[in-house]
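What follows is coords15.cif (mmCIF, C-alpha atoms and all ligand atoms).
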data_final
loop_
_atom_site.label_atom_id
_atom_site.label_comp_id
_atom_site.auth_asym_id
_atom_site.auth_seq_id
_atom_site.Cartn_x
_atom_site.Cartn_y
_atom_site.Cartn_z
CA MET A 1 27.94 -10.76 -4.59
CA SER A 2 26.94 -13.42 -1.99
CA SER A 3 25.37 -16.64 -3.20
CA THR A 4 21.60 -16.82 -2.95
CA THR A 5 21.92 -20.25 -1.31
CA ASP A 6 23.85 -18.68 1.58
CA LEU A 7 21.54 -15.68 1.80
CA ASP A 8 18.38 -17.79 1.87
CA ALA A 9 19.92 -20.21 4.37
CA SER A 10 20.76 -17.40 6.80
CA ASP A 11 17.60 -15.34 6.20
CA PRO A 12 15.86 -14.78 9.56
CA LEU A 13 12.52 -14.36 7.74
CA ALA A 14 12.81 -17.46 5.52
CA HIS A 15 10.37 -19.52 7.60
CA PHE A 16 7.58 -16.95 7.13
CA ARG A 17 7.22 -18.11 3.52
CA GLU A 18 5.46 -21.20 4.87
CA GLN A 19 2.83 -19.03 6.52
CA PHE A 20 1.39 -18.38 3.05
CA VAL A 21 -0.46 -20.55 0.55
CA HIS A 22 1.63 -21.64 -2.44
CA ASN A 23 -0.01 -23.48 -5.33
CA LEU A 24 1.63 -26.91 -5.51
CA ASP A 25 0.73 -27.11 -9.20
CA GLU A 26 3.02 -24.13 -9.91
CA PRO A 27 6.18 -24.91 -7.96
CA GLY A 28 8.35 -22.62 -10.09
CA LEU A 29 6.10 -19.56 -9.82
CA ILE A 30 7.85 -16.36 -8.77
CA TYR A 31 5.24 -13.96 -7.48
CA LEU A 32 6.46 -10.36 -7.62
CA ASP A 33 3.12 -8.60 -7.36
CA GLY A 34 2.57 -8.67 -3.62
CA ASN A 35 2.63 -4.88 -3.76
CA SER A 36 -0.67 -5.11 -5.62
CA LEU A 37 -2.31 -8.19 -4.14
CA GLY A 38 -0.51 -9.94 -1.30
CA ARG A 39 -0.52 -13.73 -0.97
CA LEU A 40 -3.11 -15.60 1.06
CA PRO A 41 -1.96 -16.28 4.65
CA LYS A 42 -2.75 -19.88 5.65
CA ARG A 43 -4.28 -18.61 8.88
CA SER A 44 -6.71 -16.44 6.85
CA ALA A 45 -7.92 -19.53 5.03
CA LEU A 46 -8.66 -21.17 8.41
CA ALA A 47 -10.20 -18.00 9.81
CA ALA A 48 -12.45 -17.66 6.75
CA ALA A 49 -13.82 -21.17 7.22
CA ASN A 50 -14.61 -20.40 10.85
CA LEU A 51 -16.13 -17.01 10.07
CA ILE A 52 -18.44 -18.44 7.45
CA ASN A 53 -19.35 -21.82 8.87
CA ASP A 54 -19.48 -21.10 12.58
CA GLN A 55 -19.80 -17.36 13.14
CA TRP A 56 -22.19 -16.70 10.27
CA GLY A 57 -23.62 -20.19 9.68
CA ASN A 58 -24.21 -21.28 13.27
CA ARG A 59 -24.13 -18.22 15.49
CA LEU A 60 -25.98 -15.94 13.06
CA ILE A 61 -26.73 -12.46 14.36
CA ARG A 62 -25.42 -13.33 17.84
CA SER A 63 -21.92 -12.98 16.36
CA TRP A 64 -22.27 -9.20 16.42
CA ASN A 65 -22.07 -9.47 20.22
CA GLU A 66 -19.40 -12.15 20.09
CA GLY A 67 -16.66 -10.06 18.44
CA TRP A 68 -17.90 -8.75 15.12
CA PHE A 69 -18.79 -5.31 16.37
CA GLU A 70 -15.24 -4.43 17.46
CA ILE A 71 -13.44 -5.84 14.39
CA PRO A 72 -12.78 -2.50 12.59
CA ASN A 73 -11.28 -1.06 15.79
CA ARG A 74 -9.46 -4.22 16.88
CA VAL A 75 -7.80 -4.77 13.50
CA GLY A 76 -7.22 -1.02 13.19
CA ASP A 77 -5.21 -1.15 16.43
CA LEU A 78 -3.09 -4.01 15.04
CA ILE A 79 -2.26 -1.89 11.99
CA GLY A 80 -1.73 1.05 14.32
CA LYS A 81 1.22 -0.83 15.86
CA LEU A 82 2.84 -0.94 12.42
CA ILE A 83 2.48 2.77 11.77
CA GLY A 84 3.26 4.29 15.17
CA ALA A 85 -0.31 5.15 16.14
CA HIS A 86 -1.87 5.15 19.59
CA ALA A 87 -4.70 2.74 20.34
CA GLY A 88 -7.95 4.13 18.94
CA GLU A 89 -6.30 6.22 16.22
CA VAL A 90 -6.74 3.67 13.41
CA VAL A 91 -9.84 1.88 12.15
CA LEU A 92 -10.72 -0.18 9.12
CA ALA A 93 -13.27 1.51 6.90
CA ASP A 94 -14.48 1.72 3.31
CA ASN A 95 -11.64 1.60 0.78
CA THR A 96 -8.56 3.78 0.43
CA SER A 97 -10.26 6.13 -2.03
CA VAL A 98 -13.21 6.88 0.26
CA CYS A 99 -10.98 7.15 3.34
CA LEU A 100 -8.79 9.62 1.44
CA PHE A 101 -11.83 11.70 0.58
CA LYS A 102 -12.99 11.71 4.19
CA GLY A 103 -9.51 12.66 5.40
CA ALA A 104 -9.11 15.43 2.83
CA VAL A 105 -12.46 17.07 3.57
CA ALA A 106 -11.88 16.73 7.33
CA ALA A 107 -8.50 18.45 6.93
CA LEU A 108 -9.86 21.27 4.75
CA LYS A 109 -12.64 21.91 7.25
CA ALA A 110 -10.05 22.14 10.02
CA GLN A 111 -8.16 24.85 8.10
CA PRO A 112 -10.56 27.77 7.62
CA GLY A 113 -9.05 30.50 5.43
CA ARG A 114 -6.69 28.15 3.57
CA THR A 115 -7.83 26.76 0.26
CA GLU A 116 -5.08 24.72 -1.36
CA ILE A 117 -4.16 21.05 -1.34
CA LEU A 118 -0.57 20.28 -2.32
CA THR A 119 0.34 16.94 -3.91
CA ASP A 120 2.71 15.66 -6.60
CA ASP A 121 2.49 13.93 -9.96
CA MET A 122 3.95 10.68 -8.55
CA ASN A 123 0.83 10.26 -6.45
CA PHE A 124 -1.67 7.57 -7.44
CA PRO A 125 -3.83 9.20 -10.17
CA SER A 126 -7.02 8.22 -8.38
CA ASP A 127 -5.74 10.02 -5.26
CA ILE A 128 -5.44 13.20 -7.29
CA GLN A 129 -9.00 12.69 -8.56
CA ILE A 130 -10.19 12.22 -5.00
CA LEU A 131 -8.33 15.31 -3.76
CA ARG A 132 -9.94 17.29 -6.57
CA SER A 133 -13.37 15.95 -5.58
CA ALA A 134 -12.75 17.00 -1.99
CA ALA A 135 -11.71 20.49 -3.12
CA GLU A 136 -14.76 20.73 -5.36
CA CYS A 137 -17.08 19.79 -2.52
CA MET A 138 -15.60 22.51 -0.34
CA GLY A 139 -16.22 25.29 -2.84
CA PRO A 140 -14.95 27.01 -6.00
CA GLU A 141 -12.08 28.74 -4.20
CA TYR A 142 -10.47 25.37 -3.30
CA THR A 143 -7.68 24.08 -5.58
CA VAL A 144 -5.23 21.20 -5.91
CA LYS A 145 -1.64 22.12 -6.75
CA ILE A 146 0.46 19.35 -8.29
CA ILE A 147 4.24 19.41 -7.91
CA ARG A 148 5.87 18.23 -11.14
CA THR A 149 8.71 15.70 -10.77
CA ASP A 150 10.81 13.59 -13.13
CA GLY A 151 8.47 10.69 -12.29
CA ILE A 152 11.14 8.85 -10.30
CA SER A 153 12.19 11.06 -7.37
CA GLY A 154 10.78 13.82 -5.23
CA SER A 155 12.64 16.57 -3.45
CA LEU A 156 12.05 18.27 -0.15
CA ASP A 157 13.10 21.55 -1.72
CA SER A 158 10.28 21.36 -4.23
CA VAL A 159 7.79 20.71 -1.44
CA ARG A 160 9.22 23.66 0.47
CA ASN A 161 9.01 25.89 -2.61
CA HIS A 162 5.38 25.02 -3.26
CA LEU A 163 4.15 25.52 0.29
CA GLY A 164 2.47 28.84 0.91
CA ASP A 165 0.12 30.61 3.25
CA GLN A 166 -2.84 29.17 1.33
CA THR A 167 -1.68 25.56 1.69
CA ALA A 168 -4.21 23.83 3.88
CA LEU A 169 -3.06 20.27 3.31
CA VAL A 170 -0.11 18.30 1.94
CA SER A 171 -1.22 14.91 0.66
CA LEU A 172 1.33 12.48 -0.77
CA SER A 173 1.87 8.75 -1.19
CA GLN A 174 4.70 7.82 1.14
CA VAL A 175 5.89 5.32 -1.47
CA ALA A 176 5.07 6.28 -5.06
CA TYR A 177 3.12 3.57 -6.85
CA LYS A 178 5.21 3.70 -10.01
CA SER A 179 8.83 4.43 -9.16
CA GLY A 180 8.80 3.32 -5.53
CA TRP A 181 10.14 6.73 -4.36
CA LEU A 182 9.99 6.85 -0.56
CA TRP A 183 9.34 10.18 1.13
CA ASP A 184 10.90 10.90 4.50
CA LEU A 185 7.62 11.21 6.34
CA SER A 186 9.07 13.12 9.23
CA ASP A 187 10.85 15.72 7.05
CA VAL A 188 7.73 16.41 4.98
CA CYS A 189 5.52 16.65 8.08
CA LYS A 190 7.96 19.13 9.62
CA LEU A 191 7.95 21.31 6.49
CA ALA A 192 4.16 21.24 6.29
CA LYS A 193 3.74 22.01 9.97
CA ASN A 194 6.16 24.93 9.81
CA SER A 195 4.04 26.53 7.15
CA GLY A 196 0.76 25.82 8.92
CA ALA A 197 -0.37 22.96 6.66
CA LEU A 198 -1.79 19.61 7.73
CA THR A 199 -0.64 16.26 6.30
CA LEU A 200 -2.62 13.36 4.85
CA TRP A 201 -0.53 10.34 3.82
CA ASP A 202 -1.37 7.47 1.52
CA LEU A 203 0.55 4.55 3.04
CA SER A 204 -0.73 1.92 0.58
CA HIS A 205 2.73 1.00 -0.74
CA SER A 206 4.62 1.47 2.51
CA VAL A 207 2.58 -0.13 5.28
CA GLY A 208 4.01 -3.57 6.06
CA ALA A 209 7.15 -2.83 4.04
CA VAL A 210 8.70 0.23 5.67
CA PRO A 211 8.93 1.28 9.35
CA ILE A 212 6.46 4.12 9.92
CA ASP A 213 6.04 6.29 12.99
CA LEU A 214 3.16 8.69 12.47
CA THR A 215 3.22 9.86 16.09
CA ALA A 216 6.91 10.77 16.02
CA ALA A 217 6.47 12.50 12.66
CA GLU A 218 3.43 14.38 13.99
CA ALA A 219 1.40 13.35 10.93
CA ASP A 220 -2.24 14.40 11.01
CA LEU A 221 -4.06 11.87 8.85
CA ALA A 222 -3.19 8.74 6.87
CA VAL A 223 -4.94 6.06 4.87
CA GLY A 224 -3.83 2.88 3.17
CA CYS A 225 -4.71 -0.36 1.43
CA THR A 226 -4.64 -3.61 3.38
CA TYR A 227 -4.51 -5.92 0.37
CA LYS A 228 -0.90 -5.18 -0.63
CA TYR A 229 1.95 -5.88 1.84
CA LEU A 230 -0.59 -6.57 4.60
CA ASN A 231 -2.02 -9.52 2.64
CA GLY A 232 -5.60 -8.74 3.64
CA GLY A 233 -7.24 -10.12 0.48
CA PRO A 234 -8.78 -8.70 -2.68
CA GLY A 235 -10.89 -5.61 -1.97
CA ALA A 236 -10.20 -5.80 1.76
CA PRO A 237 -11.22 -2.60 3.56
CA ALA A 238 -8.75 0.23 3.97
CA PHE A 239 -7.51 1.79 7.18
CA ILE A 240 -7.63 5.40 8.25
CA TYR A 241 -5.43 7.06 10.88
CA VAL A 242 -6.78 10.14 12.57
CA SER A 243 -4.39 11.84 14.97
CA GLN A 244 -6.04 12.55 18.28
CA ASN A 245 -3.66 15.45 18.98
CA ASN A 246 -5.83 18.52 19.38
CA ASN A 247 -8.99 16.65 18.33
CA LEU A 248 -9.12 18.56 15.04
CA PHE A 249 -11.01 16.27 12.72
CA SER A 250 -14.58 15.14 12.17
CA ASN A 251 -15.93 12.67 9.65
CA PRO A 252 -17.55 14.49 6.72
CA ILE A 253 -19.75 11.45 6.00
CA SER A 254 -20.88 10.64 9.51
CA GLY A 255 -23.25 7.73 9.96
CA TRP A 256 -24.63 5.40 12.58
CA TYR A 257 -21.69 2.99 12.86
CA GLY A 258 -19.33 5.86 13.71
CA THR A 259 -21.35 7.03 16.68
CA GLU A 260 -20.80 6.37 20.37
CA ASN A 261 -23.57 3.87 20.67
CA PRO A 262 -24.88 2.83 17.26
CA PHE A 263 -27.57 0.53 18.58
CA GLN A 264 -29.36 3.44 20.25
CA PHE A 265 -30.38 4.48 16.72
CA ASP A 266 -30.34 8.09 17.83
CA PHE A 267 -30.07 10.72 15.14
CA GLU A 268 -28.54 13.14 17.66
CA ALA A 269 -25.81 10.62 18.56
CA GLN A 270 -22.28 11.91 19.18
CA PRO A 271 -19.36 10.61 17.09
CA ALA A 272 -17.43 7.68 18.57
CA ALA A 273 -14.10 8.54 20.14
CA GLY A 274 -10.93 8.53 18.06
CA ALA A 275 -10.79 7.20 14.53
CA GLY A 276 -13.97 5.21 15.27
CA GLY A 277 -15.89 8.34 14.38
CA PHE A 278 -14.67 7.95 10.79
CA ILE A 279 -16.60 4.74 10.22
CA THR A 280 -19.85 5.47 8.39
CA GLY A 281 -21.96 2.37 7.81
CA THR A 282 -21.84 -1.37 8.44
CA PRO A 283 -18.31 -2.67 7.84
CA PRO A 284 -17.72 -5.71 5.57
CA ILE A 285 -17.19 -8.06 8.50
CA LEU A 286 -15.80 -11.11 6.69
CA SER A 287 -13.10 -9.25 4.80
CA SER A 288 -12.37 -6.94 7.73
CA ALA A 289 -11.74 -9.94 9.99
CA LEU A 290 -9.35 -11.45 7.45
CA VAL A 291 -7.10 -8.38 7.52
CA ALA A 292 -5.96 -9.44 11.00
CA SER A 293 -3.81 -12.42 9.92
CA GLY A 294 -1.52 -10.49 7.60
CA ALA A 295 -1.07 -7.69 10.13
CA GLU A 296 -0.28 -10.23 12.88
CA ILE A 297 2.30 -12.05 10.73
CA THR A 298 3.94 -8.72 9.88
CA LEU A 299 4.15 -7.82 13.57
CA GLU A 300 5.56 -11.26 14.41
CA ALA A 301 8.24 -10.94 11.71
CA GLY A 302 9.17 -7.41 12.81
CA ILE A 303 9.14 -4.43 10.48
CA GLU A 304 12.88 -3.73 10.92
CA LYS A 305 13.79 -7.20 9.66
CA ILE A 306 11.29 -6.86 6.83
CA ARG A 307 12.83 -3.55 5.79
CA ALA A 308 16.39 -4.90 5.95
CA LYS A 309 15.49 -7.82 3.68
CA SER A 310 13.48 -5.57 1.37
CA ILE A 311 16.52 -3.35 0.86
CA ALA A 312 18.76 -6.35 0.24
CA LEU A 313 16.33 -7.87 -2.31
CA THR A 314 15.69 -4.65 -4.24
CA GLN A 315 19.38 -3.66 -4.20
CA ARG A 316 20.41 -7.05 -5.55
CA PHE A 317 17.76 -6.84 -8.28
CA ILE A 318 18.90 -3.36 -9.33
CA GLU A 319 22.55 -4.38 -9.44
CA LEU A 320 21.79 -7.47 -11.53
CA VAL A 321 19.58 -5.51 -13.93
CA ASN A 322 22.36 -3.00 -14.47
CA GLU A 323 24.89 -5.79 -14.98
CA HIS A 324 22.90 -8.12 -17.27
CA LEU A 325 19.84 -6.45 -18.76
CA VAL A 326 20.71 -2.94 -19.94
CA SER A 327 21.85 -4.27 -23.31
CA TYR A 328 18.34 -5.71 -23.81
CA GLY A 329 16.70 -2.29 -23.39
CA PHE A 330 15.91 -2.41 -19.66
CA GLN A 331 16.55 0.61 -17.47
CA VAL A 332 15.94 0.99 -13.74
CA ALA A 333 13.17 3.56 -13.20
CA SER A 334 13.32 3.62 -9.39
CA PRO A 335 15.54 5.49 -6.93
CA LEU A 336 18.98 3.87 -6.72
CA ASP A 337 19.52 4.91 -3.11
CA SER A 338 17.66 2.50 -0.84
CA THR A 339 16.90 5.22 1.72
CA ASN A 340 14.56 6.71 -0.90
CA ARG A 341 13.05 3.47 -2.17
CA GLY A 342 10.15 1.31 -1.02
CA SER A 343 9.90 -2.41 -1.67
CA HIS A 344 9.26 -2.43 -5.41
CA VAL A 345 11.49 -1.69 -8.37
CA SER A 346 10.26 -0.47 -11.74
CA LEU A 347 12.03 -1.17 -15.00
CA PHE A 348 11.58 0.83 -18.14
CA HIS A 349 11.42 -1.16 -21.39
CA PRO A 350 9.98 0.08 -24.70
CA GLU A 351 7.93 -3.14 -24.91
CA ALA A 352 7.20 -3.48 -21.20
CA GLN A 353 3.73 -4.89 -21.68
CA ALA A 354 4.90 -7.66 -24.03
CA VAL A 355 7.81 -8.48 -21.69
CA GLY A 356 5.34 -8.73 -18.79
CA GLN A 357 3.04 -11.06 -20.73
CA ALA A 358 6.01 -13.21 -21.81
CA LEU A 359 7.14 -13.48 -18.18
CA ILE A 360 3.68 -14.47 -16.99
CA HIS A 361 2.82 -16.95 -19.75
CA GLU A 362 6.18 -18.45 -20.61
CA GLU A 363 8.34 -18.03 -17.53
CA SER A 364 6.06 -18.26 -14.48
CA VAL A 365 7.05 -14.84 -13.17
CA ILE A 366 4.29 -12.42 -12.17
CA PRO A 367 5.25 -8.74 -12.13
CA ASP A 368 2.84 -6.00 -13.20
CA PHE A 369 2.73 -3.50 -15.98
CA ARG A 370 2.11 0.22 -15.64
CA PRO A 371 1.48 2.00 -18.93
CA PRO A 372 3.07 3.04 -21.09
CA ASP A 373 6.44 1.40 -20.57
CA LEU A 374 7.07 0.24 -16.99
CA LEU A 375 7.23 -3.16 -15.38
CA ARG A 376 6.94 -3.23 -11.58
CA PHE A 377 8.59 -5.93 -9.50
CA GLY A 378 7.35 -6.06 -5.91
CA PHE A 379 9.63 -7.79 -3.41
CA THR A 380 7.63 -8.92 -0.42
CA PRO A 381 10.21 -9.99 2.16
CA LEU A 382 7.85 -12.36 3.97
CA TYR A 383 7.67 -14.77 1.03
CA THR A 384 10.26 -13.75 -1.58
CA ARG A 385 13.59 -15.60 -1.61
CA TYR A 386 16.95 -14.24 -2.70
CA ALA A 387 17.00 -17.04 -5.29
CA ASP A 388 13.82 -15.56 -6.78
CA VAL A 389 15.73 -12.37 -7.58
CA ASP A 390 18.46 -14.18 -9.53
CA ASP A 391 15.95 -16.49 -11.24
CA THR A 392 13.89 -13.49 -12.37
CA ILE A 393 16.96 -11.94 -13.96
CA GLU A 394 17.65 -15.22 -15.78
CA ARG A 395 14.07 -15.38 -17.03
CA LEU A 396 14.09 -11.73 -18.14
CA LYS A 397 17.22 -12.51 -20.11
CA ARG A 398 15.61 -15.54 -21.67
CA VAL A 399 12.48 -13.72 -22.89
CA SER A 400 14.76 -11.05 -24.34
CA GLU A 401 16.71 -13.63 -26.33
CA ASN A 402 14.22 -16.29 -27.39
CA GLY A 403 11.61 -14.30 -29.33
CA ALA A 404 9.01 -14.38 -26.54
CA ILE A 405 8.52 -10.61 -26.61
CA SER A 406 7.37 -10.68 -30.23
CA ARG A 407 4.98 -13.53 -29.43
CA TRP A 408 3.20 -11.34 -26.84
CA ARG A 409 3.45 -8.01 -28.63
CA HIS A 410 -0.16 -7.93 -29.76
CA VAL A 411 -1.86 -9.32 -26.68
CA ASN A 412 -3.68 -6.67 -24.72
CA PRO A 413 -4.98 -8.17 -21.48
CA LEU A 414 -7.58 -6.45 -19.33
CA ILE A 415 -5.43 -6.71 -16.22
CA PRO A 416 -1.80 -6.84 -17.34
C1 LIG A 501 -1.28 4.20 -3.74
C2 LIG A 501 -2.70 3.81 -3.89
N1 LIG A 501 -3.66 4.61 -3.38
C3 LIG A 501 -4.96 4.30 -3.50
C4 LIG A 501 -5.38 3.17 -4.15
C5 LIG A 501 -6.85 2.93 -4.32
O1 LIG A 501 -7.30 1.97 -3.46
P1 LIG A 501 -8.85 1.53 -3.49
O2 LIG A 501 -9.17 1.17 -4.91
O3 LIG A 501 -8.87 0.33 -2.61
O4 LIG A 501 -9.66 2.64 -3.02
C6 LIG A 501 -4.41 2.30 -4.68
C7 LIG A 501 -4.83 1.06 -5.35
O5 LIG A 501 -4.06 0.29 -5.85
C8 LIG A 501 -3.05 2.64 -4.56
O6 LIG A 501 -2.09 1.88 -5.07
#

I'd like the structure from this file rewritten - as structure tokens, please.
Amino acid sequence: MSSTTDLDASDPLAHFREQFVHNLDEPGLIYLDGNSLGRLPKRSALAAANLINDQWGNRLIRSWNEGWFEIPNRVGDLIGKLIGAHAGEVVLADNTSVCLFKGAVAALKAQPGRTEILTDDMNFPSDIQILRSAAECMGPEYTVKIIRTDGISGSLDSVRNHLGDQTALVSLSQVAYKSGWLWDLSDVCKLAKNSGALTLWDLSHSVGAVPIDLTAAEADLAVGCTYKYLNGGPGAPAFIYVSQNNNLFSNPISGWYGTENPFQFDFEAQPAAGAGGFITGTPPILSSALVASGAEITLEAGIEKIRAKSIALTQRFIELVNEHLVSYGFQVASPLDSTNRGSHVSLFHPEAQAVGQALIHEESVIPDFRPPDLLRFGFTPLYTRYADVDDTIERLKRVSENGAISRWRHVNPLIP
């Protein structure tokens, strides 16, 4: 195995680490939760000061005409470049949950005569709730079918076997939030298309970490969080992709901001072109504007380089876990083959929550815990070093040997 000193020295992305804020009071902190909340880009901190002090403080309502109005579309187009969309096919709007609901209802309405949504049990539980809500709104004949998996991997065959002439929509997370399983977007889209179903992807754990080409895959709809690998900030608005092929979709919650000319205040107004029609009301301008920095940095770094480093980091972590940590009760709960894995790795441990608390409070490592027994380690290539991988293994070993796990066994934090 190469030395981390050599790997970090020759890492073409190493200098991007300095684009992010690092707390000088915690020099040894290893942050492995960028798949939940990405770090703060330094340029966002500067942009926020300008947005608040100048654009809001000084320019007041004039700022709507000085750039605010186009922000959801402008930032949407930046994200569009990361996911293979044409200009105008992506906008920022709402949050991922609401965008998913809009996408699901739009898809069901575009499929008269078909009444089933197909998803799997690796999908984010809230996504399944949302899909059920969408089905319920459409009528009692609409159902959600859930493909059962082993919780770690999916299979194209099982998707194929569950597709039928009632399947209106296939909706999956491209990268599963727990195991990190990565679907081949193009293969699933092809299967769905061949059986007459539409596709709606949740890209929350893949955008900014994995190369995505929605146009080439002929995907129909997609949504995703901007606060994970895109580093948009806590609660930053989501994005929605609406394919403009065939002009199939309309926003089921249409409102003034998604019309052609909102400031006409015309209740007969036509929907705006492209994904713009999926905006409903006034966007959160400050947080929408701050999504731009993370997307720009990702584009500057290049998604292919990000993916290559992500594979190297996660592969190294998996190999070291298998070599040093199995005897302490850890087991890799993510796909071993990098072609089927996103940028996080989950470890099973019977006392995962206590291990996580011990890491956070005694070892300055921040992973996250997913009940009942998984720890997730997110490797964000823009600011994670190869040395962080080896140091995390060392610290996991230490908490397994020094009694730390028993010290944290009975602590039940609100956000683990
Ligand atoms: C895969 C996935 N989908 C959807 C969501 C929900 O996002 P939001 O709460 O912003 O609607 C999350 C949140 O973490 C997620 O991980």

Please identify all polymer residues within 8 Å of Phe317 of chain A, counting only C-alpha atoms, omitting same-chain residues fewer than 4 positions from it, and present them as a short mmCIF file (atom, residue, chain, number, x, y, z; two decimals) with C-alpha atoms, in the frame of the given file.
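Okay, this is what ended up in part-v2.cif:
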data_model
loop_
_atom_site.label_atom_id
_atom_site.label_comp_id
_atom_site.auth_asym_id
_atom_site.auth_seq_id
_atom_site.Cartn_x
_atom_site.Cartn_y
_atom_site.Cartn_z
CA LEU A 313 16.33 -7.87 -2.31
CA VAL A 321 19.58 -5.51 -13.93
CA VAL A 389 15.73 -12.37 -7.58
CA ASP A 390 18.46 -14.18 -9.53
CA ILE A 393 16.96 -11.94 -13.96
#

Nearby residues (only C-alpha atoms) at most 8 Å from segment 246-260 of chain A, same-chain spacing under 2 positions excluded, as a list of chain:residue names: A:Lys102, A:Gly103, A:Val105, A:Ala106, A:Ala107, A:Ala110, A:Val242, A:Ser243, A:Gln244, A:Pro262, A:Phe265, A:Ala269, A:Gln270, A:Pro271, A:Ala272, A:Ala273, A:Gly276, A:Gly277, A:Phe278, A:Ile279, A:Thr280, A:Gly281, A:Thr282

I need the chosen residues saved as a PDB file, keeping the file's coordinate frame, with C-alpha atoms.
ATOM      1  CA  LYS A 102     -12.990  11.710   4.190  1.00  0.00           C
ATOM      2  CA  GLY A 103      -9.510  12.660   5.400  1.00  0.00           C
ATOM      3  CA  VAL A 105     -12.460  17.070   3.570  1.00  0.00           C
ATOM      4  CA  ALA A 106     -11.880  16.730   7.330  1.00  0.00           C
ATOM      5  CA  ALA A 107      -8.500  18.450   6.930  1.00  0.00           C
ATOM      6  CA  ALA A 110     -10.050  22.140  10.020  1.00  0.00           C
ATOM      7  CA  VAL A 242      -6.780  10.140  12.570  1.00  0.00           C
ATOM      8  CA  SER A 243      -4.390  11.840  14.970  1.00  0.00           C
ATOM      9  CA  GLN A 244      -6.040  12.550  18.280  1.00  0.00           C
ATOM     10  CA  PRO A 262     -24.880   2.830  17.260  1.00  0.00           C
ATOM     11  CA  PHE A 265     -30.380   4.480  16.720  1.00  0.00           C
ATOM     12  CA  ALA A 269     -25.810  10.620  18.560  1.00  0.00           C
ATOM     13  CA  GLN A 270     -22.280  11.910  19.180  1.00  0.00           C
ATOM     14  CA  PRO A 271     -19.360  10.610  17.090  1.00  0.00           C
ATOM     15  CA  ALA A 272     -17.430   7.680  18.570  1.00  0.00           C
ATOM     16  CA  ALA A 273     -14.100   8.540  20.140  1.00  0.00           C
ATOM     17  CA  GLY A 276     -13.970   5.210  15.270  1.00  0.00           C
ATOM     18  CA  GLY A 277     -15.890   8.340  14.380  1.00  0.00           C
ATOM     19  CA  PHE A 278     -14.670   7.950  10.790  1.00  0.00           C
ATOM     20  CA  ILE A 279     -16.600   4.740  10.220  1.00  0.00           C
ATOM     21  CA  THR A 280     -19.850   5.470   8.390  1.00  0.00           C
ATOM     22  CA  GLY A 281     -21.960   2.370   7.810  1.00  0.00           C
ATOM     23  CA  THR A 282     -21.840  -1.370   8.440  1.00  0.00           C
TER      24      THR A 282
END

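Closest approach to Gly232 of chain A among A:Gly342, A:Gly38, A:Gly151, A:Pro12 is made by A:Gly38 (distances from all atoms listed in the file).
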
Go through A:Arg132, A:Thr119, A:Pro125, A:Tyr177 one by one, measure the shortest atom-to-atom distance of each to Ile146 of chain A using all atoms listed in the file, and give the residue with the smallest value.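 Of A:Arg132, A:Thr119, A:Pro125, A:Tyr177, the one nearest Ile146 of chain A is A:Thr119, counting all atoms listed in the file.
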
For Ala217 of chain A, which residue out of A:Val411, A:Val291, A:Ala192, A:Leu172 is the nearest one, using all atoms listed in the file?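 Going through A:Val411, A:Val291, A:Ala192, A:Leu172 one by one, the smallest distance to Ala217 of chain A is for A:Ala192.
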
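Note that the spacing between atom CA of Met1 of chain A and atom CA of Pro367 of chain A amounts to 24.0 Å.
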
Quick one: residues within 10 Å of (-9.8, 1.4, 9.9) (file frame), counting only C-alpha atoms, please, as a JSON list (two decimals) with C-alpha atoms, in the frame of the given file.
[["chain", "number", "residue", "atom", "x", "y", "z"],
["A", 71, "ILE", "CA", -13.44, -5.84, 14.39],
["A", 72, "PRO", "CA", -12.78, -2.50, 12.59],
["A", 73, "ASN", "CA", -11.28, -1.06, 15.79],
["A", 74, "ARG", "CA", -9.46, -4.22, 16.88],
["A", 75, "VAL", "CA", -7.80, -4.77, 13.50],
["A", 76, "GLY", "CA", -7.22, -1.02, 13.19],
["A", 77, "ASP", "CA", -5.21, -1.15, 16.43],
["A", 79, "ILE", "CA", -2.26, -1.89, 11.99],
["A", 80, "GLY", "CA", -1.73, 1.05, 14.32],
["A", 88, "GLY", "CA", -7.95, 4.13, 18.94],
["A", 89, "GLU", "CA", -6.30, 6.22, 16.22],
["A", 90, "VAL", "CA", -6.74, 3.67, 13.41],
["A", 91, "VAL", "CA", -9.84, 1.88, 12.15],
["A", 92, "LEU", "CA", -10.72, -0.18, 9.12],
["A", 93, "ALA", "CA", -13.27, 1.51, 6.90],
["A", 94, "ASP", "CA", -14.48, 1.72, 3.31],
["A", 95, "ASN", "CA", -11.64, 1.60, 0.78],
["A", 96, "THR", "CA", -8.56, 3.78, 0.43],
["A", 99, "CYS", "CA", -10.98, 7.15, 3.34],
["A", 223, "VAL", "CA", -4.94, 6.06, 4.87],
["A", 224, "GLY", "CA", -3.83, 2.88, 3.17],
["A", 226, "THR", "CA", -4.64, -3.61, 3.38],
["A", 237, "PRO", "CA", -11.22, -2.60, 3.56],
["A", 238, "ALA", "CA", -8.75, 0.23, 3.97],
["A", 239, "PHE", "CA", -7.51, 1.79, 7.18],
["A", 240, "ILE", "CA", -7.63, 5.40, 8.25],
["A", 241, "TYR", "CA", -5.43, 7.06, 10.88],
["A", 242, "VAL", "CA", -6.78, 10.14, 12.57],
["A", 275, "ALA", "CA", -10.79, 7.20, 14.53],
["A", 276, "GLY", "CA", -13.97, 5.21, 15.27],
["A", 278, "PHE", "CA", -14.67, 7.95, 10.79],
["A", 279, "ILE", "CA", -16.60, 4.74, 10.22],
["A", 283, "PRO", "CA", -18.31, -2.67, 7.84],
["A", 288, "SER", "CA", -12.37, -6.94, 7.73]]
